[in-house]
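To keep things clear, I will list the structure first and then write my remarks on it.
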Amino acid sequence: MLGETTFRRPLLLIAVFNIIGYSFLFLSGEAYNWHIAALGTFVTLLICTVCLFIIKRNAGDEYLFLIVSMLLSIGLLVISRLNEGLGIKQFIWVLVGLTLFFSVYFVYIRVSKWERFTYLYIFLPFAFYLITLVLGKNINGAVNWISIGGFTFQPSELSKILFIFFLASYFKQPDMLFLKDSRYSEKTKVVVNRVLLMLVTYLNIGFLVIQRELGTAVLMFLVFLIVLYVYGRDMRTFFLNSALIIPGLLASYALFYHIRVRVEVWIDPWSDITDKGYQITQSLFAIASGGFFGTGIGMGRPDMVPAVTTDFIFAAICEELGVFGGVAVVLLFMLLIYRGIKIILGVKNRFNKILGFGIAVMFGLQTFIIIGGVIKLIPLTGITLPFVSYGGSSLTTSFIALGIMQAISNTDMDEAGGEIYG
Amino acid sequence: MVEILLLLIKVIFIIVIYLFIFGVIRLIYLDIKSMNISKTNTMGFHPYFKLINQRDMLGFKVEENYTLDRSVTIGRQDKNDIVIKDPFISEIHAHVSVEGDMVYIKDLKSKNGVFVNGSRVDGDQRVLLQDGDIIKIGQVKFLFVAAGK
């Protein structure tokens, strides 16, 4: 109903943002850097084309990609400023991600009844974990990468989405998934179902903890709790699971050295500033040195923070774009999640509804966990900021999740008909 | 001089991001507002059909209310005004004509017919609808609510 003209203004602003940013980078170096200029042009053109394509083809919700493209722009700009080579790599990952985004979008619409593949959603993640444990490469103390033909991938990122698929097929008809045709009484069936749900969830989390993927484990647990709270039938299961947080935290604190380190550093990073507390204190210095409007792109020293292009990209954004820039990123994520919730309110298919809700919650929690970690609000767990951080696995997974969301938002998919046209 | 210019660029840069956020919020606001108008404003002024079936029991999409602000056709085909993808509904099933305060329903040679209060509407007969009439088309049952009720 709203003409395309109304979308032109935000789109134009994205273009302006990219042009200012990249010309700033282009001019601020000692010599003119033509790679940056070319990258900037391509990014601007790509994002505008994709946005216009979605609006013209009427391919689902228009706002989702608009918001994500602003996040992508900010991420790409900051990564290219930090490391030009990584910026170009990230651009290639964006291209891969966009291809996946559209393929997932079309495939998800074509294939009906995704709840048919429940057992795939249960066992595929476990297969991933076992493959990772066998073939895994040790990067930064976490065994969570597999390397195929020189290019590394993090399978746990995909398990995250498969787990949400599992939750959606479980809660489509709560507590009815397993043992549908057995002769047991209704009550036993419900209990067995709940036990199996918890078993699958905690096996997932357990494997992640073994791989030292703390961030993803926490993320998965919180997504599980929230979906259980919203779609579950009774509150007892919810309280039982929430009560498990405290012993779980205490046990992992006692058992794992690296969790103890994370907590100690969170409580007091200053006492061991040269070693364990180095990363977080550097991040805090970077954020503090930004001020309101930041030092300007290319003017600060965010490269002092270890892992600044991946987990700590928020610190770099805060330093160079200032507190206002950082708050803008948080606001953009809030809009994204708001839009996600808005979409699922209108969806009638219950499986899609829960799936969309899970994805929106996942984006929200992921943002909270990593930004909270970077600003020392909560203990740091290494996960990436969706769409902003550098990293192939994380970016492609975020795009897959976004593709599913986009497909859900397409009302034609919701068993078309029943409307007054014209 | 350079410093001031730099600060200016920086501030403009941030302002662009916020203008974008503001623009998106405005668009979303307009989107929600237009949705509310189409739902609530037309109620009461026009006669409308109200769905009696439980919506989740039907395997296809049906709205809760259909406002009859003009004459409409009902059927499975997309060019109808009210599209219901019920397999028991014909491609172009029925015609509802609105003439002032009078609302008539006519069967357009459908296979399974149109029923008003349980009796089938004959071939080329037009039936005047009264407030509270129950219309059955395919598996779908509507309650007719006259204007001003």
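Each chain in the structure tokens gets a letter, A, B, ..., in the order shown, and its residues are numbered from 1; ligands are numbered from 1 in order too.
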
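The interface of chain B with chain A at 7 Å, considering only C-alpha atoms, consists of Lys10, Val11, Phe13, Ile14, Val16, Tyr18, Phe20, Ile21, Gly23, Val24, Phe60, Lys61, Val62, Glu63, Asp81, Ile82, Val83, Ile84 and Lys85 of chain B.
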
All alpha helix (DSSP H) positions in stretch 6-149 of chain B, as a VMD selection string: chain B and resid 6 to 40

Pairwise distance for atom CA of A:Ala360 and atom CA of A:Tyr229, rounded to one decimal in Å: 15.1 Å

Nearby residues (only C-alpha atoms) at most 7 Å from B:Leu68, same-chain spacing under 3 positions excluded, as JSON, numbers by chain: {"B": [46, 47, 48, 71]}

Interatomic distance (Å, one decimal) between atom CA of A:Leu197 and atom CA of A:Ile337: 26.0 Å

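Between A:Leu158 and the candidates A:Gly215, A:Gly206, A:Gly346, A:Pro125, the tightest atom-to-atom separation, counting only C-alpha atoms, involves A:Pro125.
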
Near-stretch 260-266 of chain A list (6 Å; only C-alpha atoms; drop same-chain fewer than 3 positions) as a list in words: Tyr253, Tyr257, Pro269, Gly277 and Pro379 of chain A

Gap from atom CA of B:Gln139 to atom CA of A:Ser112 - Å, one decimal: 23.2 Å

A:Ile354, A:Ala127, A:Ile245, A:Ile371 ranked by distance to A:Val227, top pick (using only C-alpha atoms): A:Ile354

Near-B:Glu64 list (9 Å; only C-alpha atoms; drop same-chain fewer than 3 positions) as a count of residues only: 5

Selection near B:Phe144, 6 Å with only C-alpha atoms, sequence-local residues under 2 positions removed, as an MDAnalysis selection string: chainID B and resid 49 131:133

Taking N, CA and C atoms for each residue, export the selection above as a PDB file, in the first residue's frame.
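Once written, again-v2.pdb looks like this:
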ATOM      1  N   PHE B  49     -19.828  -9.936   6.925  1.00  0.00           N
ATOM      2  CA  PHE B  49     -19.928 -11.359   7.233  1.00  0.00           C
ATOM      3  C   PHE B  49     -19.001 -11.663   8.391  1.00  0.00           C
ATOM      4  N   ASP B 131     -30.500  -9.549   9.012  1.00  0.00           N
ATOM      5  CA  ASP B 131     -29.495  -9.571  10.073  1.00  0.00           C
ATOM      6  C   ASP B 131     -29.608 -10.877  10.852  1.00  0.00           C
ATOM      7  N   GLY B 132     -28.491 -11.554  11.034  1.00  0.00           N
ATOM      8  CA  GLY B 132     -28.502 -12.793  11.802  1.00  0.00           C
ATOM      9  C   GLY B 132     -28.635 -14.046  10.963  1.00  0.00           C
ATOM     10  N   ASP B 133     -28.787 -13.886   9.646  1.00  0.00           N
ATOM     11  CA  ASP B 133     -28.845 -15.055   8.778  1.00  0.00           C
ATOM     12  C   ASP B 133     -27.512 -15.793   8.793  1.00  0.00           C
TER      13      ASP B 133
END

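The environment of A:Pro174 within 8 Å, counting only C-alpha atoms and disregarding residues fewer than 6 places along the same chain, consists of Tyr231, Gly232 and Arg233 of chain A.
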
Output file for the selection above: N, CA and C atoms, as a short mmCIF file (atom, residue, chain, number, x, y, z; two decimals), in the first residue's frame:
data_model
loop_
_atom_site.label_atom_id
_atom_site.label_comp_id
_atom_site.auth_asym_id
_atom_site.auth_seq_id
_atom_site.Cartn_x
_atom_site.Cartn_y
_atom_site.Cartn_z
N TYR A 231 5.61 -20.83 24.87
CA TYR A 231 4.76 -21.80 24.19
C TYR A 231 4.48 -23.07 25.00
N GLY A 232 5.17 -23.23 26.13
CA GLY A 232 4.98 -24.44 26.91
C GLY A 232 3.61 -24.49 27.55
N ARG A 233 3.17 -25.69 27.92
CA ARG A 233 1.82 -25.84 28.46
C ARG A 233 1.76 -25.55 29.96
#
